[in-house]
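Notes for the one structure printed next.
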Amino acid sequence: MTLTRRSTLAVLGAASALTAAPARATRTKTSPPRLWYRQPAKEWVEALPVGSGKLGAMVFGGVASERLQLNEDTLWAGGPYDPANPEALSALPEIRRLIDAGDYAQATKLADARFLGAPKRQMAYQTIGDLKLDFPGLGEASGDYVRDLDIDGAIAATTFTADGLRYRREVIGSHPDGVIAVRLSASRKGAISLDLSFASPLKSKPVATVEGGALVLTGANESREGIPAALTFECRVEVQAKGGTVTGRGGMLSIRGADEVVLLIAAATSYRRYDDVSGDPAALNKATLATLAGKPWAKILADHQADHRALFRRVDVDFGRTRAELQPTDERIRQSPTTDDPSLAALYYQYGRYLLIACSRPGGQPANLQGIWNDKTSPPWESKYTININTEMNYWPAEPTHLAPCVEPLIALVQDLAVTGARTAKVMYGARGWVAHHNTDLWRATAPIDGAIYGVWPTGGAWLCKHVFDHYDYSRDKAYLARVYPLMKGSARFFLDTLVVDPKFGVLVTSPSISPENDHGHGSSLVAGPTMDQAIIWDLFDNCLKAEGVLGADPAFVAELTATRGKLAPYRIGKDGQLQEWQEDWDADAKEPQHRHVSHLYGLFPSDQIGIDTTPKLAAAARTSLLKRGDLTTGWAIAWRLNLWARLGDGDHAHEVLRLLLGPERTYPNMFDAHPPFQIDGNFGGTSGMTEMILQSRDDRIYLLPALPSAWPTGHITGLRARGAVGVDVRWAGGKLSEAVLTAKADGRHTVVHGKSTLEIEMKQGQSVRLAARDGVLVRA
Ligand code: FUC
């Protein structure tokens, strides 16, 4: 949805044909890609997010008083800690014995007592608080109030008329300059007056002071679960005012009669690494701001937009247009269950990409449950990294939608986990390699937490390793693979040491484990060899074997992997024709038949072990399971179903699922996904699912329009990526493929599939091939 001059004109043409509203109003209010509103945000989930990767701000757009809720991605509770529980190792044989004996309840009791980490919960991501901008004397806005978030320009703006003057306030999160920057302007000189102050909910009571032309908030994080607070932080706001006066008093800066004001907001903590909190936040902020001395707003904005667009504009999306898009964004969401609004889906698609660019950049932390945006000191699920689905889902769209640089923080996280998880593997399992369970946090905790029925799941780290490998698979960068392969190898080693023989089935399984959070109806969720674990381990082993093939092999390791792989439990189809979630045919016994997690379907998506064409029987079983689970569930779980229905090749069903995701029950007015509460995974899973409807890259093949819904007869997505380092543009019209352009970023052979037609192509690096469909048959155009 990048607005080229041509498409802008096309939008205007379409819009003016659709509405009686004046063309100018149409131009400012309806041109995608933007979120826009006629009133300020009252609730946090109405405010608009900007981010620099490390810093986040939620912009409320108030007239007399503006609130910028601020985040820095390393401000978490607690400090370095090691939760590995030494009691676990001696309890492990008995837990396994109880599981083998079918006494799951007793096994759970024992695991709760002796197999959880200490503490039993992890640390929470915390807000800095709010920067408050109070505008004395400014009355209410007149009727022309608009606030918007232009996701192509990555800028939030509030514009209105008050007391006869036109005001414009702009907020950006600049990755190149490392700041949140704000510009306040008005139609008359000398009209900008405001008081700047901080408000923070942190119990550590941060203190605001004035240092020259800067307002500085200094404080500490909070302790939690007995882990002492170890971080200090600083947020420093530098004021650049043209004209007028700037005076400071107590914890407030007052600006009076300025022509224009720019605020540069830097923030940092003393966090350097999960085991090092010796950073100097004040020095970091001063250095950040010193590099911006004398840099005008126009240049800060231009650098920021060039940086953002270099990623954002790689992909262009159009699913069609209707008059519904003329409405403000909150109205569109409200009306979406009963309205045909394909460009709302396209906006959601690109918003997912916008959010990932804004919250996950090299050098920063990966996107947590809320990306980077959180107004609480104790947010839901601590807003941490839940790696039994949520963190992975955050990164599903990254490689296919051409945002590979955004994956770097996730890989860095795995690098840390391979160290902390080695301790957990050794202490709790007596194993080599490394393990991470269902959650981790800033301090890279890897032990089981919360309770055995949630936390005793040893495959979190292994699932993350799929992303480590995928980063190679989409780029074919061998030097990168050589760097990260030890992470995958370490994860595989853990399973080589800990898989056990299931006495009933004679296969190798994980034990103890769970099928994430699903009670199998036999006394617990604790079990041996849940289907998901087997599937994740297959992928891990297969990706290790592929890496060995590329990098030159360690024959002993290859032999061990190959032998062990052959003994893993196979997929099983149960009595109702479903894909079994467990070794036993227990799906009908499960306590919650419509459970949100669909862990056993991992093989269908995100993995490619199951495909409608490659393994039709398993795919049919997965379909049966999915139908039983139903579609209406939490936000992220709807998003997972969207991806799965796309993989099942059912575009119309996928579109119905997407409608659930985009409706007001699961999408807040600011388009944040509602679990509820807000959880950003659904946003990213939504972008991924729509991609899967248009392009699938699985099983060494490129599928064009595998699940195109009838609701999107004409459209395109350009700039996508497929495995094997291939760029893909797809265009369709009248429900049929009109053109696909494949561009090779590396030499290779590719199998392209469209419907029943298959075409083999060979490309050299840099070469493009144009394909079309004639009577449904793929041909070179
Ligand atoms: C998993 C899910 C919940 C929630 C939490 C953060 O435990 O089962 O629904 O998303 O992660």
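By convention in this document, the chains of the structure tokens carry letters A, B, ... by their order, each chain's residues are numbered from 1, and ligands are numbered from 1 in the order they are shown.
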
(request) Could I get the residue neighbourhood of ligand 1 at 10 Å, counting only C-alpha atoms and all ligand atoms, as a ChimeraX atom specification? (result) /A:368-370,380-391,438-439,450,454-455,516-518,595-597,633-637,675-682

Just the selected residues (C-alpha atoms), exported as an mmCIF file, in the first residue's frame, please.
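Here's the written file part_28.cif:
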data_model
loop_
_atom_site.group_PDB
_atom_site.id
_atom_site.type_symbol
_atom_site.label_atom_id
_atom_site.label_comp_id
_atom_site.auth_asym_id
_atom_site.auth_seq_id
_atom_site.Cartn_x
_atom_site.Cartn_y
_atom_site.Cartn_z
ATOM 1 C CA ASN A 368 7.579 -9.143 23.713
ATOM 2 C CA LEU A 369 3.887 -9.922 24.305
ATOM 3 C CA GLN A 370 3.095 -6.251 23.750
ATOM 4 C CA PRO A 380 -0.670 -9.227 31.857
ATOM 5 C CA TRP A 381 1.630 -12.296 31.745
ATOM 6 C CA GLU A 382 4.371 -9.801 32.671
ATOM 7 C CA SER A 383 4.478 -8.825 28.978
ATOM 8 C CA LYS A 384 7.396 -11.192 28.598
ATOM 9 C CA TYR A 385 8.480 -13.740 26.001
ATOM 10 C CA THR A 386 6.021 -16.624 25.964
ATOM 11 C CA ILE A 387 7.812 -19.084 23.732
ATOM 12 C CA ASN A 388 5.180 -21.810 23.534
ATOM 13 C CA ILE A 389 3.615 -19.819 20.660
ATOM 14 C CA ASN A 390 3.455 -16.063 21.220
ATOM 15 C CA THR A 391 7.043 -14.967 20.626
ATOM 16 C CA HIS A 438 7.604 -21.971 27.959
ATOM 17 C CA ASN A 439 8.705 -18.443 28.903
ATOM 18 C CA ASP A 450 4.033 -20.824 36.743
ATOM 19 C CA TYR A 454 1.980 -24.736 31.966
ATOM 20 C CA GLY A 455 5.693 -24.679 32.436
ATOM 21 C CA PRO A 516 0.947 -26.475 25.575
ATOM 22 C CA GLU A 517 -1.502 -25.757 28.281
ATOM 23 C CA ASN A 518 -4.066 -28.368 27.207
ATOM 24 C CA HIS A 595 -8.751 -25.069 23.492
ATOM 25 C CA ARG A 596 -7.042 -21.981 22.039
ATOM 26 C CA HIS A 597 -3.692 -23.703 21.499
ATOM 27 C CA THR A 633 -11.025 -17.955 20.414
ATOM 28 C CA THR A 634 -8.374 -15.527 21.677
ATOM 29 C CA GLY A 635 -6.749 -13.073 19.252
ATOM 30 C CA TRP A 636 -3.497 -14.926 18.666
ATOM 31 C CA ALA A 637 -5.283 -18.254 18.493
ATOM 32 C CA HIS A 675 -6.414 -11.462 23.301
ATOM 33 C CA PRO A 676 -8.146 -9.759 25.174
ATOM 34 C CA PRO A 677 -6.251 -7.980 26.775
ATOM 35 C CA PHE A 678 -3.851 -6.436 24.258
ATOM 36 C CA GLN A 679 -1.312 -8.908 22.952
ATOM 37 C CA ILE A 680 0.615 -8.053 19.800
ATOM 38 C CA ASP A 681 1.042 -11.624 18.512
ATOM 39 C CA GLY A 682 -2.365 -11.534 16.816
#

(request) Find the residues near A:Ala268: any atom within 8 Å, counting only C-alpha atoms, skip ones fewer than 6 places away on the same chain, and give them as a list of chain:residue names. (result) A:Glu72, A:Thr74, A:Phe233, A:Glu234, A:Cys235, A:Pro281, A:Ala282, A:Leu284, A:Asn285

(request) Output as a count of residues only all residues of stretch 554-705 of chain A that backbone DSSP marks as alpha helix (DSSP H). (result) 64

(message) I'd like to know which residues of stretch 175-334 of chain A are strand (DSSP E or B) (by DSSP, run on the backbone); could you write them as a ChimeraX atom specification?
(response) /A:179-186,192-199,207-211,214-220,224,227,232-242,245-249,252-258,260-269,273,276,316-318

(request) Please identify all polymer residues within 6 Å of stretch 47-63 of chain A, counting only C-alpha atoms, omitting same-chain residues fewer than 2 positions from it, and present them as a PyMOL selection string. (result) chain A and resi 40-41+44-45+65-73+158+172-175+358-361+364+372-373

Applying 12 Å and only C-alpha atoms, which residues near A:Ala622 remain after dropping the ones on its own chain fewer than 5 positions away? List them as a tab-separated table (two decimals) with C-alpha atoms, in the first residue's frame.
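Writing done, so here's around-v9.tsv:
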chain	number	residue	atom	x	y	z
A	531	THR	CA	2.71	-34.48	19.14
A	571	TYR	CA	2.02	-38.71	13.75
A	572	ARG	CA	-1.11	-40.70	14.56
A	573	ILE	CA	-4.66	-40.35	13.32
A	574	GLY	CA	-7.29	-40.98	16.00
A	576	ASP	CA	-12.55	-39.49	15.05
A	577	GLY	CA	-10.22	-39.03	12.10
A	578	GLN	CA	-8.39	-36.26	13.94
A	579	LEU	CA	-4.66	-35.66	14.15
A	580	GLN	CA	-3.84	-36.86	17.63
A	581	GLU	CA	-2.57	-34.27	20.02
A	598	VAL	CA	-3.58	-25.93	18.41
A	599	SER	CA	-0.11	-27.21	19.21
A	600	HIS	CA	-0.45	-30.56	17.45
A	601	LEU	CA	-1.08	-28.71	14.18
A	602	TYR	CA	2.40	-27.14	14.30
A	603	GLY	CA	3.30	-29.57	11.49
A	604	LEU	CA	0.78	-27.89	9.18
A	605	PHE	CA	1.83	-24.40	10.20
A	609	GLN	CA	5.70	-31.44	7.68
A	610	ILE	CA	2.03	-31.67	6.75
A	611	GLY	CA	0.64	-30.38	3.44
A	612	ILE	CA	-2.58	-30.93	1.52
A	615	THR	CA	0.68	-35.64	3.05
A	616	PRO	CA	-3.03	-35.52	2.18
A	617	LYS	CA	-4.15	-37.99	4.89
A	627	LEU	CA	-12.94	-28.03	12.77
A	628	LYS	CA	-13.38	-29.52	16.23
A	629	ARG	CA	-11.40	-26.70	17.80
A	641	ARG	CA	-6.18	-20.68	12.71
A	644	LEU	CA	-3.75	-23.07	9.23
A	645	TRP	CA	-6.81	-22.57	7.03
A	647	ARG	CA	-2.31	-23.96	4.55
A	648	LEU	CA	-5.39	-26.14	4.07
